[in-house]
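Student: Got start-v8.cif for you, mmCIF, C-alpha atoms and all ligand atoms; chains and numbers go by the auth columns:
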data_run
loop_
_atom_site.group_PDB
_atom_site.id
_atom_site.type_symbol
_atom_site.label_atom_id
_atom_site.label_comp_id
_atom_site.label_asym_id
_atom_site.label_seq_id
_atom_site.Cartn_x
_atom_site.Cartn_y
_atom_site.Cartn_z
_atom_site.B_iso_or_equiv
_atom_site.auth_seq_id
_atom_site.auth_asym_id
ATOM 1 C CA MET A 1 11.203 4.501 -3.028 0.00 4 A
ATOM 2 C CA LEU A 2 7.877 6.012 -1.980 0.00 5 A
ATOM 3 C CA ASN A 3 5.090 3.708 -0.778 0.00 6 A
ATOM 4 C CA LEU A 4 2.103 5.833 0.023 0.00 7 A
ATOM 5 C CA VAL A 5 -1.265 4.843 1.509 0.00 8 A
ATOM 6 C CA LEU A 6 -3.965 7.314 0.511 0.00 9 A
ATOM 7 C CA PHE A 7 -6.701 7.000 3.086 0.00 10 A
ATOM 8 C CA GLY A 8 -10.142 8.420 3.781 0.00 11 A
ATOM 9 C CA PRO A 9 -13.862 7.723 3.628 0.00 12 A
ATOM 10 C CA PRO A 10 -15.660 6.975 0.343 0.00 13 A
ATOM 11 C CA GLY A 11 -15.646 10.140 -1.736 0.00 14 A
ATOM 12 C CA ALA A 12 -12.784 11.775 0.189 0.00 15 A
ATOM 13 C CA GLY A 13 -10.760 12.284 -2.998 0.00 16 A
ATOM 14 C CA LYS A 14 -8.425 9.275 -2.925 0.00 17 A
ATOM 15 C CA GLY A 15 -8.911 8.350 -6.572 0.00 18 A
ATOM 16 C CA THR A 16 -8.895 11.990 -7.643 0.00 19 A
ATOM 17 C CA GLN A 17 -5.628 12.849 -5.873 0.00 20 A
ATOM 18 C CA SER A 18 -3.998 9.551 -6.897 0.00 21 A
ATOM 19 C CA GLU A 19 -4.262 10.549 -10.560 0.00 22 A
ATOM 20 C CA TYR A 20 -2.065 13.615 -9.933 0.00 23 A
ATOM 21 C CA LEU A 21 0.320 11.923 -7.503 0.00 24 A
ATOM 22 C CA ILE A 22 1.170 9.004 -9.794 0.00 25 A
ATOM 23 C CA LYS A 23 2.314 11.483 -12.484 0.00 26 A
ATOM 24 C CA LYS A 24 4.331 13.747 -10.208 0.00 27 A
ATOM 25 C CA TYR A 25 6.125 10.983 -8.284 0.00 28 A
ATOM 26 C CA ASN A 26 6.226 8.285 -10.947 0.00 29 A
ATOM 27 C CA LEU A 27 4.167 5.844 -8.873 0.00 30 A
ATOM 28 C CA VAL A 28 2.306 2.644 -9.707 0.00 31 A
ATOM 29 C CA HIS A 29 -1.368 3.118 -8.827 0.00 32 A
ATOM 30 C CA LEU A 30 -2.930 0.211 -6.931 0.00 33 A
ATOM 31 C CA SER A 31 -6.633 0.899 -6.363 0.00 34 A
ATOM 32 C CA THR A 32 -8.567 -2.061 -4.992 0.00 35 A
ATOM 33 C CA GLY A 33 -11.816 -0.354 -6.041 0.00 36 A
ATOM 34 C CA ASP A 34 -10.586 -0.165 -9.670 0.00 37 A
ATOM 35 C CA LEU A 35 -9.243 -3.729 -9.549 0.00 38 A
ATOM 36 C CA LEU A 36 -12.587 -5.017 -8.266 0.00 39 A
ATOM 37 C CA ARG A 37 -14.528 -3.045 -10.888 0.00 40 A
ATOM 38 C CA SER A 38 -12.374 -4.515 -13.653 0.00 41 A
ATOM 39 C CA GLN A 39 -13.109 -8.031 -12.340 0.00 42 A
ATOM 40 C CA ILE A 40 -16.826 -7.140 -12.417 0.00 43 A
ATOM 41 C CA ALA A 41 -16.534 -5.805 -15.982 0.00 44 A
ATOM 42 C CA ALA A 42 -14.742 -9.004 -17.053 0.00 45 A
ATOM 43 C CA GLY A 43 -17.540 -11.092 -15.471 0.00 46 A
ATOM 44 C CA THR A 44 -15.162 -13.273 -13.437 0.00 47 A
ATOM 45 C CA GLU A 45 -16.356 -15.373 -10.490 0.00 48 A
ATOM 46 C CA LEU A 46 -14.462 -13.058 -8.130 0.00 49 A
ATOM 47 C CA GLY A 47 -16.124 -10.050 -9.778 0.00 50 A
ATOM 48 C CA LEU A 48 -19.608 -11.530 -9.385 0.00 51 A
ATOM 49 C CA ARG A 49 -18.970 -12.210 -5.689 0.00 52 A
ATOM 50 C CA ALA A 50 -17.535 -8.728 -5.150 0.00 53 A
ATOM 51 C CA LYS A 51 -20.404 -7.021 -6.979 0.00 54 A
ATOM 52 C CA GLN A 52 -23.005 -8.482 -4.609 0.00 55 A
ATOM 53 C CA LEU A 53 -21.196 -6.909 -1.656 0.00 56 A
ATOM 54 C CA MET A 54 -20.196 -3.610 -3.307 0.00 57 A
ATOM 55 C CA ASP A 55 -23.785 -3.001 -4.483 0.00 58 A
ATOM 56 C CA GLN A 56 -24.838 -3.199 -0.825 0.00 59 A
ATOM 57 C CA GLY A 57 -22.100 -0.781 0.301 0.00 60 A
ATOM 58 C CA LEU A 58 -20.199 -3.562 2.090 0.00 61 A
ATOM 59 C CA LEU A 59 -16.501 -4.389 2.067 0.00 62 A
ATOM 60 C CA VAL A 60 -15.248 -7.333 0.031 0.00 63 A
ATOM 61 C CA PRO A 61 -13.556 -10.106 2.149 0.00 64 A
ATOM 62 C CA ASP A 62 -9.962 -9.415 3.174 0.00 65 A
ATOM 63 C CA GLU A 63 -8.509 -12.508 1.479 0.00 66 A
ATOM 64 C CA VAL A 64 -9.907 -11.401 -1.904 0.00 67 A
ATOM 65 C CA VAL A 65 -8.367 -7.923 -1.882 0.00 68 A
ATOM 66 C CA ILE A 66 -5.105 -9.082 -0.275 0.00 69 A
ATOM 67 C CA GLY A 67 -4.774 -11.695 -3.040 0.00 70 A
ATOM 68 C CA MET A 68 -5.265 -9.011 -5.715 0.00 71 A
ATOM 69 C CA ILE A 69 -2.625 -6.729 -4.163 0.00 72 A
ATOM 70 C CA GLU A 70 -0.201 -9.630 -3.771 0.00 73 A
ATOM 71 C CA ALA A 71 -0.521 -10.419 -7.488 0.00 74 A
ATOM 72 C CA LYS A 72 0.002 -6.766 -8.465 0.00 75 A
ATOM 73 C CA LEU A 73 3.108 -6.428 -6.275 0.00 76 A
ATOM 74 C CA ARG A 74 4.532 -9.556 -7.882 0.00 77 A
ATOM 75 C CA GLU A 75 3.850 -8.140 -11.366 0.00 78 A
ATOM 76 C CA ASN A 76 5.656 -4.921 -10.435 0.00 79 A
ATOM 77 C CA GLN A 77 8.531 -6.303 -8.409 0.00 80 A
ATOM 78 C CA SER A 78 11.164 -4.588 -10.535 0.00 81 A
ATOM 79 C CA ILE A 79 9.941 -1.146 -9.337 0.00 82 A
ATOM 80 C CA ASN A 80 12.787 0.643 -7.638 0.00 83 A
ATOM 81 C CA ALA A 81 13.817 3.951 -6.157 0.00 84 A
ATOM 82 C CA THR A 82 15.424 6.589 -8.351 0.00 85 A
ATOM 83 C CA SER A 83 16.757 10.124 -7.716 0.00 86 A
ATOM 84 C CA VAL A 84 14.739 12.134 -5.198 0.00 87 A
ATOM 85 C CA GLY A 85 16.496 15.436 -5.980 0.00 88 A
ATOM 86 C CA ALA A 86 14.804 15.938 -9.360 0.00 89 A
ATOM 87 C CA THR A 87 11.351 14.363 -9.393 0.00 90 A
ATOM 88 C CA SER A 88 11.512 10.749 -10.468 0.00 91 A
ATOM 89 C CA VAL A 89 10.866 8.877 -7.228 0.00 92 A
ATOM 90 C CA GLY A 90 9.069 5.596 -8.015 0.00 93 A
ATOM 91 C CA GLY A 91 7.081 3.291 -5.783 0.00 94 A
ATOM 92 C CA PHE A 92 3.423 2.522 -5.117 0.00 95 A
ATOM 93 C CA ILE A 93 0.336 4.435 -4.180 0.00 96 A
ATOM 94 C CA PHE A 94 -2.235 2.304 -2.362 0.00 97 A
ATOM 95 C CA ASP A 95 -5.659 3.837 -2.994 0.00 98 A
ATOM 96 C CA GLY A 96 -8.531 2.357 -0.970 0.00 99 A
ATOM 97 C CA PHE A 97 -6.268 -0.309 0.525 0.00 100 A
ATOM 98 C CA PRO A 98 -5.802 -1.265 3.336 0.00 101 A
ATOM 99 C CA ARG A 99 -9.416 -0.867 4.480 0.00 102 A
ATOM 100 C CA THR A 100 -9.187 -3.116 7.556 0.00 103 A
ATOM 101 C CA VAL A 101 -6.461 -3.738 10.142 0.00 104 A
ATOM 102 C CA PRO A 102 -5.868 -7.329 8.883 0.00 105 A
ATOM 103 C CA GLN A 103 -5.325 -5.840 5.378 0.00 106 A
ATOM 104 C CA ALA A 104 -2.778 -3.398 6.850 0.00 107 A
ATOM 105 C CA VAL A 105 -0.912 -6.219 8.595 0.00 108 A
ATOM 106 C CA ALA A 106 -0.919 -8.279 5.375 0.00 109 A
ATOM 107 C CA LEU A 107 0.389 -5.297 3.382 0.00 110 A
ATOM 108 C CA ASP A 108 3.328 -4.869 5.775 0.00 111 A
ATOM 109 C CA GLU A 109 4.162 -8.566 5.385 0.00 112 A
ATOM 110 C CA LEU A 110 3.935 -8.438 1.594 0.00 113 A
ATOM 111 C CA LEU A 111 6.109 -5.332 1.355 0.00 114 A
ATOM 112 C CA SER A 112 8.736 -6.841 3.661 0.00 115 A
ATOM 113 C CA GLN A 113 8.975 -9.797 1.240 0.00 116 A
ATOM 114 C CA HIS A 114 9.857 -7.186 -1.400 0.00 117 A
ATOM 115 C CA ASN A 115 12.363 -5.530 0.980 0.00 118 A
ATOM 116 C CA THR A 116 10.369 -2.353 1.251 0.00 119 A
ATOM 117 C CA LYS A 117 7.781 -0.727 3.534 0.00 120 A
ATOM 118 C CA ILE A 118 5.092 1.951 3.762 0.00 121 A
ATOM 119 C CA THR A 119 6.598 5.458 3.805 0.00 122 A
ATOM 120 C CA SER A 120 3.507 7.254 5.040 0.00 123 A
ATOM 121 C CA MET A 121 -0.272 7.238 5.192 0.00 124 A
ATOM 122 C CA ILE A 122 -2.095 10.375 4.173 0.00 125 A
ATOM 123 C CA ALA A 123 -5.686 10.617 5.387 0.00 126 A
ATOM 124 C CA LEU A 124 -8.094 12.976 3.647 0.00 127 A
ATOM 125 C CA ALA A 125 -10.616 14.347 6.146 0.00 128 A
ATOM 126 C CA VAL A 126 -14.084 15.131 4.746 0.00 129 A
ATOM 127 C CA ASP A 127 -17.398 15.284 6.657 0.00 130 A
ATOM 128 C CA SER A 128 -20.283 12.940 5.747 0.00 131 A
ATOM 129 C CA GLU A 129 -22.489 15.693 4.332 0.00 132 A
ATOM 130 C CA GLU A 130 -19.843 16.642 1.753 0.00 133 A
ATOM 131 C CA LEU A 131 -19.083 12.953 1.002 0.00 134 A
ATOM 132 C CA THR A 132 -22.754 12.322 0.262 0.00 135 A
ATOM 133 C CA ARG A 133 -22.973 15.383 -1.962 0.00 136 A
ATOM 134 C CA ARG A 134 -19.874 14.357 -3.979 0.00 137 A
ATOM 135 C CA LEU A 135 -20.868 10.724 -4.386 0.00 138 A
ATOM 136 C CA LEU A 136 -24.455 11.494 -5.440 0.00 139 A
ATOM 137 C CA GLN A 137 -23.055 13.959 -7.978 0.00 140 A
ATOM 138 C CA ARG A 138 -20.582 11.386 -9.313 0.00 141 A
ATOM 139 C CA GLY A 139 -23.452 8.851 -9.413 0.00 142 A
ATOM 140 C CA GLN A 140 -25.227 10.989 -12.032 0.00 143 A
ATOM 141 C CA THR A 141 -22.520 10.205 -14.585 0.00 144 A
ATOM 142 C CA SER A 142 -20.353 7.332 -13.280 0.00 145 A
ATOM 143 C CA GLY A 143 -22.924 4.565 -13.634 0.00 146 A
ATOM 144 C CA ARG A 144 -21.556 3.176 -10.353 0.00 147 A
ATOM 145 C CA PRO A 145 -24.454 1.468 -8.521 0.00 148 A
ATOM 146 C CA ASP A 146 -22.829 2.263 -5.143 0.00 149 A
ATOM 147 C CA ASP A 147 -23.045 6.029 -5.861 0.00 150 A
ATOM 148 C CA GLN A 148 -26.732 6.032 -6.735 0.00 151 A
ATOM 149 C CA ASN A 149 -28.624 6.500 -3.483 0.00 152 A
ATOM 150 C CA GLU A 150 -28.205 8.140 -0.129 0.00 153 A
ATOM 151 C CA ASP A 151 -28.973 5.047 1.984 0.00 154 A
ATOM 152 C CA LEU A 152 -26.250 3.085 0.237 0.00 155 A
ATOM 153 C CA ILE A 153 -23.755 5.933 0.678 0.00 156 A
ATOM 154 C CA ARG A 154 -24.664 6.111 4.389 0.00 157 A
ATOM 155 C CA ARG A 155 -23.978 2.386 4.655 0.00 158 A
ATOM 156 C CA ARG A 156 -20.558 2.779 2.985 0.00 159 A
ATOM 157 C CA VAL A 157 -19.675 5.556 5.431 0.00 160 A
ATOM 158 C CA GLN A 158 -20.876 3.366 8.329 0.00 161 A
ATOM 159 C CA GLU A 159 -18.740 0.485 7.046 0.00 162 A
ATOM 160 C CA TYR A 160 -15.799 2.916 6.889 0.00 163 A
ATOM 161 C CA ASN A 161 -16.377 4.114 10.473 0.00 164 A
ATOM 162 C CA ASP A 162 -16.713 0.549 11.799 0.00 165 A
ATOM 163 C CA LYS A 163 -13.985 -1.292 9.915 0.00 166 A
ATOM 164 C CA THR A 164 -11.683 1.162 8.136 0.00 167 A
ATOM 165 C CA ALA A 165 -11.181 4.082 10.547 0.00 168 A
ATOM 166 C CA PRO A 166 -9.121 1.878 12.981 0.00 169 A
ATOM 167 C CA VAL A 167 -6.484 1.489 10.234 0.00 170 A
ATOM 168 C CA ALA A 168 -5.467 5.119 10.974 0.00 171 A
ATOM 169 C CA ASP A 169 -4.406 4.090 14.520 0.00 172 A
ATOM 170 C CA TYR A 170 -2.349 1.251 13.078 0.00 173 A
ATOM 171 C CA TYR A 171 -0.215 3.703 11.060 0.00 174 A
ATOM 172 C CA SER A 172 -0.305 6.364 13.756 0.00 175 A
ATOM 173 C CA GLN A 173 1.343 3.914 16.171 0.00 176 A
ATOM 174 C CA GLN A 174 4.135 3.522 13.602 0.00 177 A
ATOM 175 C CA GLY A 175 4.516 7.334 13.335 0.00 178 A
ATOM 176 C CA LYS A 176 3.389 7.264 9.687 0.00 179 A
ATOM 177 C CA PHE A 177 0.030 9.007 9.867 0.00 180 A
ATOM 178 C CA ALA A 178 -0.736 12.481 8.492 0.00 181 A
ATOM 179 C CA ALA A 179 -4.201 14.051 8.214 0.00 182 A
ATOM 180 C CA ILE A 180 -4.971 16.595 5.515 0.00 183 A
ATOM 181 C CA ASP A 181 -8.156 18.629 5.078 0.00 184 A
ATOM 182 C CA GLY A 182 -9.891 17.067 2.061 0.00 185 A
ATOM 183 C CA ILE A 183 -12.347 19.954 1.618 0.00 186 A
ATOM 184 C CA GLY A 184 -11.372 22.705 -0.791 0.00 187 A
ATOM 185 C CA GLU A 185 -9.942 23.060 -4.285 0.00 188 A
ATOM 186 C CA ILE A 186 -8.478 19.825 -5.701 0.00 189 A
ATOM 187 C CA ASP A 187 -5.274 21.735 -6.608 0.00 190 A
ATOM 188 C CA SER A 188 -4.672 23.134 -3.141 0.00 191 A
ATOM 189 C CA ILE A 189 -5.284 19.737 -1.518 0.00 192 A
ATOM 190 C CA PHE A 190 -2.802 18.249 -3.996 0.00 193 A
ATOM 191 C CA LYS A 191 -0.192 20.892 -3.074 0.00 194 A
ATOM 192 C CA GLU A 192 -0.619 20.136 0.612 0.00 195 A
ATOM 193 C CA ILE A 193 -0.195 16.403 0.022 0.00 196 A
ATOM 194 C CA CYS A 194 2.956 17.084 -2.040 0.00 197 A
ATOM 195 C CA GLN A 195 4.368 19.266 0.706 0.00 198 A
ATOM 196 C CA HIS A 196 3.934 16.428 3.180 0.00 199 A
ATOM 197 C CA ILE A 197 5.502 13.897 0.788 0.00 200 A
ATOM 198 C CA ASP A 198 8.441 16.176 -0.014 0.00 201 A
ATOM 199 C CA GLU A 199 9.159 16.634 3.679 0.00 202 A
ATOM 200 C CA SER A 200 8.961 12.896 4.317 0.00 203 A
ATOM 201 C CA ILE A 201 11.435 11.992 1.531 0.00 204 A
ATOM 202 C CA ALA A 202 13.784 14.989 1.901 0.00 205 A
HETATM 203 P P1 LIG B . -13.420 2.721 -4.054 0.00 301 A
HETATM 204 O O1 LIG B . -13.328 2.579 -5.502 0.00 301 A
HETATM 205 O O2 LIG B . -12.153 2.825 -3.289 0.00 301 A
HETATM 206 O O3 LIG B . -14.441 3.937 -3.876 0.00 301 A
HETATM 207 P P2 LIG B . -14.455 5.323 -3.210 0.00 301 A
HETATM 208 O O4 LIG B . -14.037 5.223 -1.778 0.00 301 A
HETATM 209 O O5 LIG B . -15.831 5.814 -3.523 0.00 301 A
HETATM 210 O O6 LIG B . -13.472 6.223 -4.072 0.00 301 A
HETATM 211 P P3 LIG B . -12.722 7.533 -3.811 0.00 301 A
HETATM 212 O O7 LIG B . -12.778 7.974 -2.355 0.00 301 A
HETATM 213 O O8 LIG B . -11.383 7.284 -4.371 0.00 301 A
HETATM 214 O O9 LIG B . -13.497 8.580 -4.728 0.00 301 A
HETATM 215 P P4 LIG B . -13.035 10.081 -4.920 0.00 301 A
HETATM 216 O O10 LIG B . -13.128 10.669 -3.555 0.00 301 A
HETATM 217 O O11 LIG B . -11.772 10.274 -5.631 0.00 301 A
HETATM 218 O O12 LIG B . -14.257 1.502 -3.396 0.00 301 A
HETATM 219 C C1 LIG B . -15.533 1.098 -3.862 0.00 301 A
HETATM 220 C C2 LIG B . -15.991 -0.166 -3.139 0.00 301 A
HETATM 221 O O13 LIG B . -15.082 -1.273 -3.440 0.00 301 A
HETATM 222 C C3 LIG B . -16.008 -0.116 -1.610 0.00 301 A
HETATM 223 O O14 LIG B . -17.201 0.462 -1.098 0.00 301 A
HETATM 224 C C4 LIG B . -15.871 -1.628 -1.255 0.00 301 A
HETATM 225 O O15 LIG B . -17.086 -2.307 -1.377 0.00 301 A
HETATM 226 C C5 LIG B . -14.926 -2.150 -2.326 0.00 301 A
HETATM 227 N N1 LIG B . -13.499 -2.140 -1.892 0.00 301 A
HETATM 228 C C6 LIG B . -12.519 -1.378 -2.448 0.00 301 A
HETATM 229 N N2 LIG B . -11.341 -1.594 -1.813 0.00 301 A
HETATM 230 C C7 LIG B . -11.599 -2.509 -0.835 0.00 301 A
HETATM 231 C C8 LIG B . -10.788 -3.116 0.171 0.00 301 A
HETATM 232 N N3 LIG B . -9.486 -2.817 0.307 0.00 301 A
HETATM 233 N N4 LIG B . -11.361 -4.026 1.027 0.00 301 A
HETATM 234 C C9 LIG B . -12.652 -4.333 0.905 0.00 301 A
HETATM 235 N N5 LIG B . -13.481 -3.798 -0.027 0.00 301 A
HETATM 236 C C10 LIG B . -12.969 -2.883 -0.896 0.00 301 A
HETATM 237 O O16 LIG B . -14.148 10.711 -5.785 0.00 301 A
HETATM 238 C C11 LIG B . -15.436 11.035 -5.298 0.00 301 A
HETATM 239 C C12 LIG B . -16.016 12.223 -6.021 0.00 301 A
HETATM 240 O O17 LIG B . -15.605 13.406 -5.345 0.00 301 A
HETATM 241 C C13 LIG B . -15.556 12.384 -7.464 0.00 301 A
HETATM 242 O O18 LIG B . -16.670 12.690 -8.264 0.00 301 A
HETATM 243 C C14 LIG B . -14.570 13.556 -7.434 0.00 301 A
HETATM 244 O O19 LIG B . -14.591 14.320 -8.621 0.00 301 A
HETATM 245 C C15 LIG B . -15.087 14.355 -6.270 0.00 301 A
HETATM 246 N N6 LIG B . -14.032 15.097 -5.592 0.00 301 A
HETATM 247 C C16 LIG B . -12.801 14.637 -5.257 0.00 301 A
HETATM 248 N N7 LIG B . -12.103 15.599 -4.623 0.00 301 A
HETATM 249 C C17 LIG B . -12.928 16.695 -4.537 0.00 301 A
HETATM 250 C C18 LIG B . -12.794 18.006 -3.977 0.00 301 A
HETATM 251 N N8 LIG B . -11.677 18.402 -3.375 0.00 301 A
HETATM 252 N N9 LIG B . -13.856 18.844 -4.042 0.00 301 A
HETATM 253 C C19 LIG B . -15.001 18.465 -4.665 0.00 301 A
HETATM 254 N N10 LIG B . -15.186 17.241 -5.217 0.00 301 A
HETATM 255 C C20 LIG B . -14.163 16.364 -5.155 0.00 301 A
#
Is it possible to express this structure as structure tokens?
Ligand code: B4P

Tutor:
Amino acid sequence: MLNLVLFGPPGAGKGTQSEYLIKKYNLVHLSTGDLLRSQIAAGTELGLRAKQLMDQGLLVPDEVVIGMIEAKLRENQSINATSVGATSVGGFIFDGFPRTVPQAVALDELLSQHNTKITSMIALAVDSEELTRRLLQRGQTSGRPDDQNEDLIRRRVQEYNDKTAPVADYYSQQGKFAAIDGIGEIDSIFKEICQHIDESIA
């Protein structure tokens, strides 16, 4: 069973690469960003609270996102490993989660309750100039308020540097961290990620 954390600053390509990885490795996609946006679209109390923070480029409180992941793991508890030799692997891809060290600790605890653990964390490295360019471009069509202006994007990157970057050390200390250059063709980045995954499950 493959449990992958896809890591990186906002706009690094986590969501983009997840779309390909879930198909190739038969993974369940757990994106806290998507889960929060669906709460906002449904107009729930949680969504309204989250929107206020997301629109300012700030992280949503740990207990909110941990609760959402806990519920999703419970819903998918029958997910299991299958043959690695062919392609069908199975497991989870965590996209945009964990974003703080307490979230990483909580994820380890939750997975241990399901008798499984994180296989590896893949960090996509992209500089802030390129992140800003990508997010402003996406903002022209996505309708996402957090992609609309440069100050807000700068704040998201600052929030990442302050609160999220330390999560890399957490996985590095467990020998599970791999950094991949996130600049270049989407296809070649995907191939490099796959190469790392294939080596880790061989
Ligand atoms: P997310 O939805 O996770 O937003 P993101 O970081 O912007 O997405 P991502 O990084 O996946 O975008 P991608 O590069 O694929 O979070 C949004 C907000 O939700 C956060 O700011 C926070 O407030 C809140 N939140 C979410 N999870 C949380 C948590 N765990 N705790 C607390 N708060 C949380 O795409 C970017 C663009 O780049 C796309 O247009 C894509 O086409 C393009 N792109 C991708 N790869 C490219 C490449 N190689 N070359 C050129 N362009 C590329």

Student: Extending 4 Å beyond the listed atoms of ligand LIG 301 (chain A) on each side, what axis-aligned box results? I want centre and edge lengths in Å to one decimal, as lines of an AutoDock Vina configuration file.

Tutor:
center_x = -13.3
center_y = 7.3
center_z = -3.8
size_x = 15.7
size_y = 31.2
size_z = 17.6

Student: Applying the PyMOL selection byres (((not hetatm)) within 6 of (chain A and resi 301)) to the file I just gave you, which residues come out? Please list them as an mmCIF file with C-alpha atoms, in the frame of the given file.

Tutor:
data_model
loop_
_atom_site.group_PDB
_atom_site.id
_atom_site.type_symbol
_atom_site.label_atom_id
_atom_site.label_comp_id
_atom_site.auth_asym_id
_atom_site.auth_seq_id
_atom_site.Cartn_x
_atom_site.Cartn_y
_atom_site.Cartn_z
ATOM 1 C CA PRO A 12 -13.862 7.723 3.628
ATOM 2 C CA PRO A 13 -15.660 6.975 0.343
ATOM 3 C CA GLY A 14 -15.646 10.140 -1.736
ATOM 4 C CA ALA A 15 -12.784 11.775 0.189
ATOM 5 C CA GLY A 16 -10.760 12.284 -2.998
ATOM 6 C CA LYS A 17 -8.425 9.275 -2.925
ATOM 7 C CA GLY A 18 -8.911 8.350 -6.572
ATOM 8 C CA THR A 19 -8.895 11.990 -7.643
ATOM 9 C CA THR A 35 -8.567 -2.061 -4.992
ATOM 10 C CA GLY A 36 -11.816 -0.354 -6.041
ATOM 11 C CA ASP A 37 -10.586 -0.165 -9.670
ATOM 12 C CA MET A 57 -20.196 -3.610 -3.307
ATOM 13 C CA GLY A 60 -22.100 -0.781 0.301
ATOM 14 C CA LEU A 61 -20.199 -3.562 2.090
ATOM 15 C CA LEU A 62 -16.501 -4.389 2.067
ATOM 16 C CA VAL A 63 -15.248 -7.333 0.031
ATOM 17 C CA PRO A 64 -13.556 -10.106 2.149
ATOM 18 C CA ASP A 65 -9.962 -9.415 3.174
ATOM 19 C CA VAL A 68 -8.367 -7.923 -1.882
ATOM 20 C CA GLY A 99 -8.531 2.357 -0.970
ATOM 21 C CA PHE A 100 -6.268 -0.309 0.525
ATOM 22 C CA PRO A 101 -5.802 -1.265 3.336
ATOM 23 C CA ARG A 102 -9.416 -0.867 4.480
ATOM 24 C CA ARG A 137 -19.874 14.357 -3.979
ATOM 25 C CA LEU A 138 -20.868 10.724 -4.386
ATOM 26 C CA ARG A 141 -20.582 11.386 -9.313
ATOM 27 C CA ARG A 159 -20.558 2.779 2.985
ATOM 28 C CA GLY A 185 -9.891 17.067 2.061
ATOM 29 C CA ILE A 186 -12.347 19.954 1.618
ATOM 30 C CA GLY A 187 -11.372 22.705 -0.791
ATOM 31 C CA GLU A 188 -9.942 23.060 -4.285
ATOM 32 C CA ILE A 189 -8.478 19.825 -5.701
#

Student: With all atoms listed in the file as the counted atoms, please give the residues lying no more than 10 Å from A:Ile183, apart from itself and same-chain residues fewer than 5 positions off, as a PyMOL selection string.

Tutor: chain A and resi 11+125-129+192-193+195-196+199

Student: Quote the spacing between atom CA of A:Glu78 and atom CA of A:Asn118 in Å to one decimal place.

Tutor: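 Computed distance, atom CA of A:Glu78 to atom CA of A:Asn118, equals 15.2 Å.
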
Student: Using all atoms listed in the file, find the one residue out of A:Leu110, A:Lys120, A:Cys197, A:Glu162 that sits nearest to A:Gly70.

Tutor: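 Among the listed residues, A:Leu110 lies closest to A:Gly70.
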
Student: Do you have the atom CA of A:Asp150-atom CA of A:Tyr23 distance handy?

Tutor: 22.7 Å

Student: Interatomic distance between atom CA of A:Leu7 and atom CA of A:Leu33?

Tutor: 10.3 Å

Student: Fewer than 6 positions away in the same chain doesn't count, so skip those; otherwise give me all residues within 7 Å of stretch 39-44 of chain A, counting only C-alpha atoms, as an MDAnalysis selection string.

Tutor: chainID A and resid 50:51 53:54

Student: Could you list, as a list of chain:residue names, every residue matched by the PyMOL selection byres (((chain A and resi 164-180) around 6) and not hetatm) in this structure?

Tutor: A:Arg102, A:Thr103, A:Val104, A:Ser123, A:Met124, A:Gln161, A:Glu162, A:Tyr163, A:Ala181

Student: Can you turn the PyMOL selection byres (((chain A and resi 149) around 8) and not hetatm) into a concrete residue list for this file, as a list in words?

Tutor: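 Against this file, the PyMOL selection byres (((chain A and resi 149) around 8) and not hetatm) returns the residues Met57, Asp58, Gln59, Gly60, Gly142, Arg147, Pro148, Asp150, Gln151, Asn152, Leu155 and Ile156 of chain A.
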
Student: I need the residue nearest A:Ala205 from this list: A:Leu114, A:Val92, A:Leu56, A:Val160. Use only C-alpha atoms for the distance.

Tutor: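 That would be A:Val92, the residue with the smallest distance to A:Ala205.
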
Student: Which of these, A:Leu76, A:Asp184, A:Glu133, A:Thr144, has the shortest distance to A:Thr119 once you count all atoms listed in the file?

Tutor: A:Leu76

Student: For a cut-off of 6 Å around (-25.4, 11.4, 3.7), file coordinates, pick out all residues using only C-alpha atoms and list them as a ChimeraX atom specification.

Tutor: /A:131-132,135,153,157

Student: List as a ChimeraX atom specification the residues having at least one atom at most 9 Å from position (1.1, 6.7, -3.8) as given in the file, counting all atoms listed in the file.

Tutor: /A:5-9,21,24-25,28-33,94-98
